file structure24.cif (mmCIF, C-alpha atoms and all ligand atoms)
data_upload
#
loop_
_atom_site.label_atom_id
_atom_site.label_comp_id
_atom_site.auth_asym_id
_atom_site.auth_seq_id
_atom_site.Cartn_x
_atom_site.Cartn_y
_atom_site.Cartn_z
CA MET H 161 47.54 -1.57 19.09
CA ASN H 162 43.81 -2.08 19.66
CA ILE H 163 42.82 -2.45 23.28
CA LEU H 164 39.66 -3.65 25.03
CA ILE H 165 38.99 -2.85 28.69
CA LEU H 166 36.31 -4.89 30.50
CA GLY H 167 34.22 -3.14 33.15
CA SER H 168 32.07 -0.07 33.68
CA GLY H 169 33.22 1.72 36.83
CA GLY H 170 35.45 4.58 37.84
CA ARG H 171 38.35 2.11 37.88
CA GLU H 172 37.84 1.35 34.20
CA HIS H 173 37.40 5.04 33.29
CA ALA H 174 40.75 5.77 34.96
CA LEU H 175 42.39 2.85 33.12
CA ALA H 176 40.95 4.09 29.82
CA TRP H 177 42.14 7.64 30.53
CA ALA H 178 45.71 6.48 31.20
CA VAL H 179 45.87 3.96 28.35
CA ARG H 180 44.45 6.47 25.82
CA GLN H 181 47.36 8.85 26.49
CA ASN H 182 49.93 6.29 25.37
CA PRO H 183 50.83 6.55 21.66
CA LYS H 184 50.88 2.73 21.48
CA CYS H 185 47.09 2.78 21.80
CA ASP H 186 45.38 3.01 18.41
CA ARG H 187 41.76 2.05 18.98
CA LEU H 188 40.31 1.77 22.48
CA PHE H 189 37.11 -0.06 23.42
CA VAL H 190 35.44 -0.45 26.82
CA ALA H 191 32.74 -3.04 27.50
CA PRO H 192 30.23 -2.14 28.74
CA GLY H 193 31.75 1.18 29.91
CA ASN H 194 29.80 4.27 30.91
CA ALA H 195 28.94 7.72 29.57
CA GLY H 196 32.12 9.34 30.94
CA MET H 197 34.31 7.18 28.72
CA GLU H 198 32.62 8.17 25.44
CA PRO H 199 35.20 10.84 24.56
CA LEU H 200 38.03 8.30 25.04
CA ALA H 201 36.76 5.00 23.74
CA ARG H 202 34.08 3.17 21.79
CA LEU H 203 31.63 1.51 24.17
CA ALA H 204 30.68 -2.10 23.41
CA ASP H 205 27.56 -3.69 24.80
CA LEU H 206 28.98 -7.10 25.69
CA ASP H 207 28.32 -9.75 28.33
CA ILE H 208 31.75 -9.56 29.97
CA LEU H 209 31.10 -12.73 31.99
CA SER H 210 30.96 -14.70 28.75
CA GLY H 211 34.35 -15.72 27.38
CA ALA H 212 32.75 -16.58 24.02
CA ALA H 213 31.14 -13.13 23.68
CA VAL H 214 34.42 -11.36 24.48
CA ILE H 215 36.43 -13.59 22.11
CA GLY H 216 33.93 -12.91 19.30
CA PHE H 217 34.25 -9.16 19.84
CA CYS H 218 38.06 -9.36 19.89
CA GLU H 219 38.12 -11.25 16.60
CA GLU H 220 35.76 -8.79 14.91
CA ASN H 221 37.72 -5.76 16.08
CA ALA H 222 41.31 -7.05 15.82
CA ILE H 223 41.93 -6.56 19.55
CA ASP H 224 45.59 -6.98 20.60
CA LEU H 225 45.22 -6.68 24.38
CA VAL H 226 42.35 -7.20 26.84
CA ILE H 227 42.55 -5.53 30.26
CA VAL H 228 40.13 -7.08 32.76
CA GLY H 229 38.92 -4.53 35.35
CA PRO H 230 36.58 -6.25 37.86
CA GLU H 231 36.89 -9.56 39.73
CA ALA H 232 33.68 -11.20 38.45
CA PRO H 233 34.96 -12.06 34.92
CA LEU H 234 38.27 -13.23 36.45
CA ALA H 235 36.51 -15.52 38.93
CA ALA H 236 34.36 -16.77 36.03
CA GLY H 237 37.46 -17.80 34.04
CA VAL H 238 37.14 -15.25 31.24
CA ALA H 239 40.92 -14.62 31.22
CA ASP H 240 41.49 -18.38 30.74
CA ASP H 241 39.06 -18.47 27.80
CA LEU H 242 40.76 -15.49 26.14
CA ARG H 243 44.24 -16.96 26.58
CA ALA H 244 43.07 -20.30 25.21
CA ALA H 245 41.89 -18.38 22.12
CA GLY H 246 45.40 -16.93 21.71
CA LEU H 247 44.62 -13.42 23.00
CA LEU H 248 46.94 -11.29 25.13
CA VAL H 249 45.26 -10.66 28.49
CA PHE H 250 46.00 -8.63 31.62
CA GLY H 251 44.39 -10.46 34.55
CA PRO H 252 44.74 -13.77 36.38
CA SER H 253 43.35 -17.19 35.54
CA LYS H 254 40.33 -18.50 37.41
CA ALA H 255 42.65 -20.67 39.54
CA ALA H 256 44.85 -17.70 40.49
CA ALA H 257 41.80 -15.46 41.08
CA MET H 258 41.05 -17.76 44.04
CA LEU H 259 43.31 -15.36 45.97
CA GLU H 260 40.28 -13.06 46.01
CA ALA H 261 37.43 -15.52 45.51
CA SER H 262 38.17 -17.63 48.60
CA LYS H 263 39.37 -16.33 51.96
CA SER H 264 40.38 -19.81 53.17
CA PHE H 265 42.37 -20.42 49.97
CA THR H 266 44.38 -17.26 50.63
CA LYS H 267 44.93 -18.16 54.28
CA ALA H 268 46.20 -21.60 53.26
CA VAL H 269 48.59 -20.02 50.73
CA CYS H 270 49.86 -17.66 53.46
CA ASP H 271 50.46 -20.58 55.79
CA ALA H 272 52.24 -22.55 53.06
CA CYS H 273 54.64 -19.70 52.27
CA GLY H 274 54.99 -18.23 55.77
CA ALA H 275 53.39 -14.87 54.96
CA PRO H 276 52.36 -12.99 58.14
CA THR H 277 48.57 -12.74 58.52
CA ALA H 278 45.93 -13.09 61.24
CA ALA H 279 45.54 -16.51 62.91
CA TRP H 280 42.48 -18.25 61.45
CA ALA H 281 40.19 -21.26 61.36
CA ARG H 282 37.63 -22.44 58.82
CA PHE H 283 34.15 -23.85 59.50
CA ASP H 284 31.39 -25.40 57.44
CA ALA H 285 28.87 -25.60 60.29
CA ALA H 286 27.60 -23.13 62.88
CA GLU H 287 28.04 -25.10 66.12
CA PRO H 288 31.85 -25.59 65.99
CA ALA H 289 32.18 -21.97 64.82
CA ARG H 290 30.24 -20.76 67.88
CA ASP H 291 32.42 -22.91 70.17
CA TYR H 292 35.56 -21.45 68.58
CA ILE H 293 34.28 -17.88 69.13
CA ARG H 294 33.53 -18.64 72.80
CA ALA H 295 37.02 -20.09 73.23
CA GLN H 296 38.80 -17.19 71.51
CA GLY H 297 36.70 -14.28 72.82
CA ALA H 298 36.15 -10.89 71.16
CA PRO H 299 37.15 -8.79 69.27
CA ILE H 300 37.18 -11.34 66.45
CA VAL H 301 36.53 -11.23 62.71
CA ILE H 302 33.95 -13.37 60.87
CA LYS H 303 34.19 -13.73 57.05
CA ALA H 304 32.03 -15.48 54.49
CA ASP H 305 34.57 -17.54 52.50
CA GLY H 306 33.44 -16.55 49.00
CA LEU H 307 32.82 -13.34 47.02
CA ALA H 308 30.10 -11.40 48.86
CA ALA H 309 30.31 -8.00 47.15
CA GLY H 310 32.25 -6.54 50.08
CA LYS H 311 29.50 -7.41 52.58
CA GLY H 312 30.76 -10.73 53.92
CA VAL H 313 33.06 -9.43 56.70
CA THR H 314 32.04 -8.63 60.28
CA VAL H 315 34.59 -7.14 62.65
CA ALA H 316 32.84 -8.21 65.87
CA MET H 317 33.59 -6.29 69.06
CA THR H 318 31.53 -8.72 71.19
CA GLU H 319 31.02 -12.50 71.21
CA ALA H 320 27.28 -12.00 70.65
CA GLU H 321 27.94 -9.98 67.49
CA ALA H 322 30.34 -12.66 66.25
CA ILE H 323 27.85 -15.45 66.89
CA ALA H 324 25.12 -13.46 65.10
CA ALA H 325 27.43 -13.07 62.08
CA VAL H 326 28.09 -16.83 62.00
CA ASP H 327 24.36 -17.53 62.21
CA ASP H 328 23.71 -15.05 59.37
CA ALA H 329 26.31 -16.68 57.12
CA PHE H 330 25.07 -20.22 57.74
CA GLY H 331 21.50 -18.93 57.50
CA GLY H 332 22.18 -18.01 53.87
CA ALA H 333 22.68 -14.22 54.15
CA PHE H 334 25.55 -14.39 51.62
CA GLY H 335 24.21 -17.28 49.53
CA ALA H 336 26.81 -19.85 48.51
CA ALA H 337 29.61 -17.44 49.50
CA GLY H 338 28.68 -18.03 53.16
CA ALA H 339 28.50 -21.83 53.10
CA GLU H 340 32.00 -21.75 54.62
CA VAL H 341 33.15 -19.23 57.18
CA VAL H 342 36.64 -18.09 58.10
CA ILE H 343 37.13 -16.79 61.64
CA GLU H 344 40.18 -14.62 62.21
CA GLU H 345 42.14 -13.02 64.96
CA PHE H 346 41.36 -9.28 65.13
CA MET H 347 44.33 -7.21 63.98
CA ALA H 348 44.72 -3.67 65.31
CA GLY H 349 46.64 -1.02 63.40
CA GLU H 350 46.39 1.22 60.36
CA GLU H 351 45.19 -0.20 57.02
CA ALA H 352 46.76 0.54 53.66
CA SER H 353 46.79 -0.99 50.20
CA PHE H 354 49.77 -1.96 48.09
CA PHE H 355 49.50 -2.68 44.35
CA ILE H 356 51.97 -5.00 42.64
CA LEU H 357 52.08 -6.16 39.04
CA CYS H 358 52.99 -9.85 38.76
CA ASP H 359 53.73 -11.75 35.55
CA GLY H 360 53.74 -15.20 37.14
CA THR H 361 57.40 -14.96 38.11
CA ASP H 362 58.48 -11.34 38.59
CA CYS H 363 56.82 -8.57 40.58
CA LEU H 364 56.81 -4.78 40.23
CA PRO H 365 55.25 -2.48 42.85
CA ILE H 366 53.21 0.29 41.20
CA GLY H 367 51.93 2.28 44.13
CA THR H 368 50.30 2.49 47.53
CA ALA H 369 46.97 3.96 48.60
CA GLN H 370 44.59 4.36 51.49
CA ASP H 371 40.85 4.46 51.11
CA HIS H 372 37.87 5.44 53.22
CA LYS H 373 35.40 2.56 53.39
CA ARG H 374 32.77 4.09 55.71
CA VAL H 375 30.05 6.25 54.23
CA GLY H 376 30.22 9.01 56.85
CA GLU H 377 32.69 11.66 57.91
CA GLY H 378 35.16 10.65 60.61
CA ASP H 379 34.98 7.12 59.11
CA SER H 380 31.53 6.50 60.61
CA GLY H 381 28.44 4.63 59.39
CA PRO H 382 28.09 1.57 57.17
CA ASN H 383 30.77 0.15 54.89
CA THR H 384 30.81 1.04 51.20
CA GLY H 385 32.94 0.12 48.21
CA GLY H 386 35.07 3.17 49.07
CA MET H 387 34.19 6.87 49.40
CA GLY H 388 37.62 8.24 48.50
CA ALA H 389 41.31 7.39 48.37
CA TYR H 390 44.74 8.92 48.20
CA SER H 391 48.18 7.85 47.03
CA PRO H 392 50.85 7.41 48.24
CA ALA H 393 49.95 5.99 51.67
CA PRO H 394 52.35 7.61 54.17
CA VAL H 395 52.15 4.61 56.52
CA LEU H 396 53.68 2.34 53.84
CA SER H 397 57.27 3.56 54.12
CA GLN H 398 59.85 2.19 51.70
CA ALA H 399 61.17 -0.09 54.46
CA ILE H 400 57.70 -1.55 55.06
CA GLN H 401 57.10 -1.96 51.31
CA ASP H 402 60.41 -3.84 51.01
CA ALA H 403 59.44 -6.09 53.92
CA VAL H 404 56.00 -6.77 52.39
CA MET H 405 57.60 -7.72 49.08
CA ALA H 406 60.09 -10.05 50.80
CA GLU H 407 57.76 -11.63 53.39
CA ILE H 408 54.33 -11.60 51.73
CA VAL H 409 54.17 -10.83 47.99
CA ARG H 410 57.16 -12.70 46.56
CA PRO H 411 56.49 -15.82 48.69
CA THR H 412 52.82 -15.77 47.56
CA VAL H 413 53.76 -15.47 43.90
CA ALA H 414 56.32 -18.27 44.28
CA GLU H 415 53.76 -20.49 46.05
CA MET H 416 51.18 -19.88 43.30
CA ALA H 417 53.76 -20.82 40.64
CA ARG H 418 54.77 -23.91 42.64
CA ARG H 419 51.12 -25.02 42.65
CA GLY H 420 51.01 -24.73 38.87
CA THR H 421 48.67 -21.71 38.99
CA PRO H 422 50.96 -18.70 38.45
CA PHE H 423 49.46 -15.30 39.21
CA GLN H 424 49.47 -12.78 36.35
CA GLY H 425 47.86 -9.38 36.76
CA VAL H 426 47.70 -6.85 39.55
CA LEU H 427 47.85 -8.13 43.10
CA TYR H 428 46.16 -5.76 45.53
CA ALA H 429 47.48 -6.50 49.01
CA GLY H 430 45.31 -5.13 51.82
CA LEU H 431 47.67 -4.69 54.78
CA MET H 432 47.40 -3.93 58.49
CA ILE H 433 50.38 -2.01 59.87
CA GLU H 434 51.15 -1.96 63.56
CA ASP H 435 54.45 -0.97 65.22
CA GLY H 436 56.22 -0.81 61.86
CA ARG H 437 55.21 -4.32 60.86
CA ALA H 438 52.71 -5.26 58.14
CA ARG H 439 50.43 -8.29 58.05
CA LEU H 440 48.14 -9.34 55.20
CA VAL H 441 44.41 -8.66 55.65
CA GLU H 442 43.37 -9.88 52.21
CA TYR H 443 44.29 -10.04 48.56
CA ASN H 444 42.27 -8.77 45.64
CA VAL H 445 43.22 -9.80 42.12
CA ARG H 446 42.36 -6.50 40.41
CA PHE H 447 42.79 -2.79 40.95
CA GLY H 448 40.79 -1.20 43.76
CA ASP H 449 37.99 1.21 42.99
CA PRO H 450 38.57 4.13 43.77
CA GLU H 451 42.25 3.32 44.43
CA CYS H 452 42.82 2.81 40.69
CA GLN H 453 41.79 6.41 40.04
CA VAL H 454 44.63 7.79 42.17
CA LEU H 455 47.16 5.24 40.87
CA MET H 456 46.34 6.00 37.22
CA MET H 457 46.42 9.74 37.88
CA ARG H 458 50.00 9.31 39.09
CA LEU H 459 51.21 6.78 36.51
CA GLY H 460 49.59 8.35 33.44
CA ALA H 461 50.50 6.94 30.02
CA GLN H 462 53.20 4.58 31.35
CA ALA H 463 50.41 2.47 32.86
CA LEU H 464 49.93 0.86 29.44
CA ASP H 465 53.64 0.01 29.08
CA LEU H 466 53.59 -1.60 32.54
CA ILE H 467 50.37 -3.53 31.89
CA LEU H 468 51.75 -4.73 28.58
CA ALA H 469 55.05 -5.83 30.14
CA CYS H 470 53.01 -7.72 32.73
CA ALA H 471 50.77 -9.45 30.17
CA GLU H 472 53.80 -10.38 28.02
CA GLY H 473 55.87 -11.71 30.96
CA ARG H 474 58.52 -8.99 30.70
CA LEU H 475 58.32 -7.42 34.17
CA ARG H 476 61.93 -8.36 34.96
CA ASP H 477 63.03 -5.51 32.64
CA ALA H 478 60.25 -3.04 33.49
CA SER H 479 60.43 -0.10 35.88
CA VAL H 480 58.19 2.73 37.02
CA THR H 481 59.17 6.36 36.41
CA TRP H 482 58.05 7.97 39.65
CA ALA H 483 57.16 11.63 40.05
CA GLU H 484 57.22 13.30 43.45
CA ASP H 485 53.46 13.64 43.37
CA HIS H 486 50.28 12.85 45.26
CA ALA H 487 46.74 12.13 44.12
CA LEU H 488 43.42 12.18 45.95
CA THR H 489 39.95 11.20 44.81
CA VAL H 490 36.54 12.05 46.29
CA VAL H 491 33.62 9.78 45.43
CA LEU H 492 30.26 11.42 44.73
CA ALA H 493 27.49 8.94 45.54
CA ALA H 494 23.72 8.95 45.11
CA LYS H 495 21.86 10.03 48.28
CA GLY H 496 20.92 6.90 50.23
CA TYR H 497 24.01 4.88 49.21
CA PRO H 498 25.06 2.29 50.42
CA GLY H 499 21.38 1.65 51.22
CA ALA H 500 18.56 2.09 48.70
CA TYR H 501 19.15 5.07 46.42
CA GLU H 502 17.37 6.78 43.57
CA LYS H 503 18.53 6.33 39.97
CA GLY H 504 18.12 8.74 37.10
CA SER H 505 18.81 12.10 38.79
CA GLU H 506 20.45 14.63 36.49
CA ILE H 507 24.06 15.80 36.90
CA ARG H 508 25.04 19.23 35.52
CA GLY H 509 28.15 21.33 35.24
CA LEU H 510 30.71 18.71 34.22
CA GLU H 511 31.36 20.19 30.76
CA ALA H 512 32.73 23.41 32.25
CA LEU H 513 35.31 21.66 34.46
CA PRO H 514 39.02 21.48 33.59
CA GLU H 515 40.33 18.03 32.64
CA ASP H 516 44.09 17.63 32.47
CA SER H 517 46.90 15.63 34.04
CA SER H 518 46.09 17.19 37.46
CA ARG H 519 42.30 17.16 37.42
CA MET H 520 39.88 14.51 36.22
CA VAL H 521 36.31 13.59 37.05
CA PHE H 522 36.10 9.84 36.48
CA HIS H 523 32.64 8.39 35.96
CA ALA H 524 31.51 5.28 37.82
CA GLY H 525 27.75 5.13 37.27
CA THR H 526 26.47 7.53 34.61
CA ALA H 527 24.51 7.33 31.37
CA ARG H 528 23.23 9.77 28.74
CA GLN H 529 19.46 10.10 28.51
CA ASP H 530 18.07 12.48 25.87
CA GLY H 531 21.32 14.44 25.96
CA ALA H 532 21.36 14.78 29.76
CA LEU H 533 23.86 13.07 32.04
CA VAL H 534 22.10 10.97 34.68
CA ALA H 535 23.21 8.90 37.66
CA THR H 536 22.75 5.15 37.25
CA GLY H 537 24.61 3.71 40.24
CA GLY H 538 25.41 4.14 43.93
CA ARG H 539 28.91 5.47 43.45
CA VAL H 540 28.59 7.83 40.48
CA LEU H 541 31.64 10.09 40.04
CA ALA H 542 35.20 10.27 41.37
CA ALA H 543 36.60 13.81 41.46
CA THR H 544 40.36 13.34 41.32
CA GLY H 545 43.23 15.76 41.79
CA ARG H 546 47.00 15.41 41.52
CA GLY H 547 49.60 17.79 42.92
CA ALA H 548 53.08 18.22 44.31
CA THR H 549 51.67 17.75 47.83
CA LEU H 550 48.69 15.87 49.20
CA ALA H 551 47.21 19.24 50.23
CA GLN H 552 47.36 20.45 46.63
CA ALA H 553 45.82 17.23 45.30
CA HIS H 554 43.10 17.58 47.96
CA GLU H 555 42.36 21.17 46.98
CA ARG H 556 42.10 20.25 43.28
CA ALA H 557 39.85 17.25 43.90
CA TYR H 558 37.47 19.23 46.14
CA ALA H 559 37.40 22.17 43.70
CA LEU H 560 36.05 19.70 41.11
CA ALA H 561 33.58 18.05 43.49
CA ASP H 562 32.27 21.42 44.72
CA ALA H 563 31.68 22.64 41.15
CA ILE H 564 29.49 19.68 40.18
CA ASP H 565 25.79 20.52 40.20
CA TRP H 566 24.09 17.33 41.39
CA PRO H 567 21.37 17.77 44.02
CA GLY H 568 20.83 13.98 44.06
CA GLY H 569 24.36 13.27 45.27
CA PHE H 570 26.62 13.66 48.30
CA TYR H 571 30.29 13.24 49.22
CA ARG H 572 32.50 13.14 52.29
CA ARG H 573 34.34 16.38 53.10
CA ASP H 574 37.20 14.71 54.96
CA ILE H 575 38.92 12.40 52.46
CA GLY H 576 42.61 12.20 53.37
CA TRP H 577 42.17 13.53 56.92
CA ARG H 578 44.54 10.97 58.42
CA ALA H 579 47.41 12.00 56.14
CA LEU H 580 46.80 15.76 55.85
P1 LIG Z 601 38.37 -7.99 53.74
O1 LIG Z 601 37.22 -8.11 52.79
O2 LIG Z 601 38.98 -9.28 54.13
O3 LIG Z 601 39.35 -6.93 53.32
O4 LIG Z 601 37.76 -7.30 55.06
C1 LIG Z 601 37.10 -6.06 54.98
C2 LIG Z 601 37.62 -5.15 56.06
O5 LIG Z 601 37.43 -5.74 57.34
C3 LIG Z 601 39.11 -4.87 55.98
O6 LIG Z 601 39.40 -3.85 55.08
C4 LIG Z 601 39.41 -4.51 57.41
O7 LIG Z 601 39.05 -3.17 57.69
C5 LIG Z 601 38.52 -5.42 58.19
N1 LIG Z 601 39.23 -6.64 58.56
C6 LIG Z 601 39.30 -7.79 57.86
N2 LIG Z 601 40.04 -8.72 58.49
C7 LIG Z 601 40.45 -8.16 59.65
C8 LIG Z 601 41.22 -8.62 60.76
N3 LIG Z 601 41.69 -9.87 60.82
N4 LIG Z 601 41.44 -7.75 61.78
C9 LIG Z 601 40.93 -6.50 61.76
N5 LIG Z 601 40.17 -6.02 60.75
C10 LIG Z 601 39.93 -6.82 59.70
N1 LIG Z 602 38.01 0.08 47.34
C1 LIG Z 602 38.10 -1.27 47.72
C2 LIG Z 602 38.06 -2.25 46.64
O1 LIG Z 602 38.12 -1.94 45.46
O2 LIG Z 602 37.99 -3.45 46.94
#
call {"tool": "encode", "arguments": {"input": "structure24.cif", "output": "structure tokens"}}
result
Amino acid sequence: MNILILGSGGREHALAWAVRQNPKCDRLFVAPGNAGMEPLARLADLDILSGAAVIGFCEENAIDLVIVGPEAPLAAGVADDLRAAGLLVFGPSKAAAMLEASKSFTKAVCDACGAPTAAWARFDAAEPARDYIRAQGAPIVIKADGLAAGKGVTVAMTEAEAIAAVDDAFGGAFGAAGAEVVIEEFMAGEEASFFILCDGTDCLPIGTAQDHKRVGEGDSGPNTGGMGAYSPAPVLSQAIQDAVMAEIVRPTVAEMARRGTPFQGVLYAGLMIEDGRARLVEYNVRFGDPECQVLMMRLGAQALDLILACAEGRLRDASVTWAEDHALTVVLAAKGYPGAYEKGSEIRGLEALPEDSSRMVFHAGTARQDGALVATGGRVLAATGRGATLAQAHERAYALADAIDWPGGFYRRDIGWRAL
């Protein structure tokens, strides 16, 4: 079959790498993709936020399946447009993507289906929000309701910090995403992510991961999109996973179906675990980046069979073949990230590195310029290792990262510290 993947990050490179290994894949395209994917796929320069542009490309190239990587096309309704044109799509409708696009939507779904999550309230003006903060006290969590590129959440340790975050949101710091604010109870505990394929009715867990969101070692400094990740997440024991499926995921999927907006795609449940009990922090409606890199490294070629079963509504009969393995990925970012960073610095030494089922350097922000590989983004590469133990995966990932010759980049040395 001919397959089109939408997106251009490390997540999409990992998806392309896994899908390409499956003999069902004939021709593979990625739009817009990046330089790292060139050996695996044809890159297509498409506006992936335009349903019409993607449909036109699919018709020209006899595409049989579209896999949507990032949230923006999902929130824009591209999956709806493709389905309306008769195409097979992996990824939720615009209505179901509200589970990521609106925090208050998700909280209301949790309340309707009894899923455990932090207590919350929603505000569309600053004064009542400030009163609520004074009544509740700190620590407390302030969230812009809409998509804010990962910057809309403040975990406030003091009332003053919380009130400043409310004033920022209503002052327009997050644009339209901050016109409504959700204020939540602070949850203590250990965070982990759980990935579940859903076909509207049935659900299939496909792995757990933990990531490192802070830019600095010891989980210090500003938040980023993620500086590294590993899978599985030791804190998500089988018993906790079973409880999350029974108390959070299946009730959510049933509630979405009841509302007439069934969820199809991958549900990424961000969880807080304390005293053996998990509560929902948030949903995303796509794979995490860099969590996808470690999940794909572990699933390999079967990822396509699972994605296809999901898109075709056949998850009831699908299962994952698990190996007793671990994967770990280290993100190499441009110096300055997540603040201002330089673009265009040259990266050398990648050609000499081994690439196999235990070692892959996934590209997130690279391009070819006059034959040279150059950095084009903040997060640029994800050096990923797989092994029989987390320590072995760690050693393989860092051997790759250490061998890359990129003076313009940096990476954290302590990815996985909590689990190692
Ligand atoms: P979100 O975008 O909702 O995942 O929030 C970003 C990050 O803020 C999460 O990954 C958590 O680390 C933290 N966070 C969000 N909500 C809470 C909460 N209610 N209690 C504690 N930490 C939270
Ligand atoms: N790594 C976090 C995310 O993809 O949202």
call {"tool": "closest_atom_pairs", "arguments": {"input": "structure24.cif", "of": "chain H", "to": "ligand LIG 602 (chain Z)", "cutoff": "10 Å", "atoms": "all atoms listed in the file", "output": "JSON lines"}}
result
{"residue": "H:Arg171", "atom": "CA", "partner": "Z:LIG602", "partner_atom": "O1", "distance": 8.6}
{"residue": "H:Pro230", "atom": "CA", "partner": "Z:LIG602", "partner_atom": "O1", "distance": 8.9}
{"residue": "H:Glu231", "atom": "CA", "partner": "Z:LIG602", "partner_atom": "O2", "distance": 9.5}
{"residue": "H:Glu260", "atom": "CA", "partner": "Z:LIG602", "partner_atom": "O2", "distance": 9.9}
{"residue": "H:Ala309", "atom": "CA", "partner": "Z:LIG602", "partner_atom": "O2", "distance": 8.9}
{"residue": "H:Gly310", "atom": "CA", "partner": "Z:LIG602", "partner_atom": "O2", "distance": 7.2}
{"residue": "H:Ser353", "atom": "CA", "partner": "Z:LIG602", "partner_atom": "C1", "distance": 9.0}
{"residue": "H:Ala369", "atom": "CA", "partner": "Z:LIG602", "partner_atom": "N1", "distance": 9.8}
{"residue": "H:Gln370", "atom": "CA", "partner": "Z:LIG602", "partner_atom": "N1", "distance": 8.9}
{"residue": "H:Asp371", "atom": "CA", "partner": "Z:LIG602", "partner_atom": "N1", "distance": 6.4}
{"residue": "H:His372", "atom": "CA", "partner": "Z:LIG602", "partner_atom": "N1", "distance": 8.0}
{"residue": "H:Lys373", "atom": "CA", "partner": "Z:LIG602", "partner_atom": "N1", "distance": 7.0}
{"residue": "H:Thr384", "atom": "CA", "partner": "Z:LIG602", "partner_atom": "N1", "distance": 8.2}
{"residue": "H:Gly385", "atom": "CA", "partner": "Z:LIG602", "partner_atom": "N1", "distance": 5.1}
{"residue": "H:Gly386", "atom": "CA", "partner": "Z:LIG602", "partner_atom": "N1", "distance": 4.6}
{"residue": "H:Met387", "atom": "CA", "partner": "Z:LIG602", "partner_atom": "N1", "distance": 8.1}
{"residue": "H:Gly388", "atom": "CA", "partner": "Z:LIG602", "partner_atom": "N1", "distance": 8.3}
{"residue": "H:Ala389", "atom": "CA", "partner": "Z:LIG602", "partner_atom": "N1", "distance": 8.1}
{"residue": "H:Tyr428", "atom": "CA", "partner": "Z:LIG602", "partner_atom": "O2", "distance": 8.6}
{"residue": "H:Gly430", "atom": "CA", "partner": "Z:LIG602", "partner_atom": "O2", "distance": 9.0}
{"residue": "H:Glu442", "atom": "CA", "partner": "Z:LIG602", "partner_atom": "O2", "distance": 9.9}
{"residue": "H:Tyr443", "atom": "CA", "partner": "Z:LIG602", "partner_atom": "O2", "distance": 9.3}
{"residue": "H:Asn444", "atom": "CA", "partner": "Z:LIG602", "partner_atom": "O2", "distance": 7.0}
{"residue": "H:Val445", "atom": "CA", "partner": "Z:LIG602", "partner_atom": "O2", "distance": 9.5}
{"residue": "H:Arg446", "atom": "CA", "partner": "Z:LIG602", "partner_atom": "O1", "distance": 8.0}
{"residue": "H:Phe447", "atom": "CA", "partner": "Z:LIG602", "partner_atom": "O1", "distance": 6.5}
{"residue": "H:Gly448", "atom": "CA", "partner": "Z:LIG602", "partner_atom": "O1", "distance": 3.3}
{"residue": "H:Asp449", "atom": "CA", "partner": "Z:LIG602", "partner_atom": "O1", "distance": 4.0}
{"residue": "H:Pro450", "atom": "CA", "partner": "Z:LIG602", "partner_atom": "N1", "distance": 5.4}
{"residue": "H:Glu451", "atom": "CA", "partner": "Z:LIG602", "partner_atom": "N1", "distance": 6.1}
{"residue": "H:Cys452", "atom": "CA", "partner": "Z:LIG602", "partner_atom": "O1", "distance": 8.2}
call {"tool": "axis_aligned_box", "arguments": {"input": "structure24.cif", "around": "ligand LIG 601 (chain Z)", "padding_each_side": "5 Å", "output": "JSON"}}
result
{"center_x": 39.4, "center_y": -6.5, "center_z": 57.3, "size_x": 14.6, "size_y": 16.7, "size_z": 19.0}
call {"tool": "residues_near_ligand", "arguments": {"input": "structure24.cif", "ligand": "ligand LIG 601 (chain Z)", "cutoff": "7 Å", "atoms": "all atoms listed in the file", "output": "PyMOL selection string"}}
result
chain H and resi 278+301+310+313-315+344-348+351+430+441-442
call {"tool": "atom_distance", "arguments": {"input": "structure24.cif", "atom1": "CA of His523 in chain H", "atom2": "CA of Thr368 in chain H"}}
result
21.9 Å
call {"tool": "residues_near_point", "arguments": {"input": "structure24.cif", "point": "(40.8, -21.0, 44.9)", "cutoff": "12 Å", "atoms": "all atoms listed in the file", "output": "ChimeraX atom specification"}}
result
/H:234-237,252-269,305-307,416,419,421,423,445
call {"tool": "closest_residue", "arguments": {"input": "structure24.cif", "among": "H:Val326, H:Ala542, H:Val238, H:Leu427", "to": "Val454 in chain H", "atoms": "all atoms listed in the file"}}
result
H:Ala542
call {"tool": "atom_distance", "arguments": {"input": "structure24.cif", "atom1": "CA of Ala438 in chain H", "atom2": "CA of Ala393 in chain H"}}
result
13.3 Å
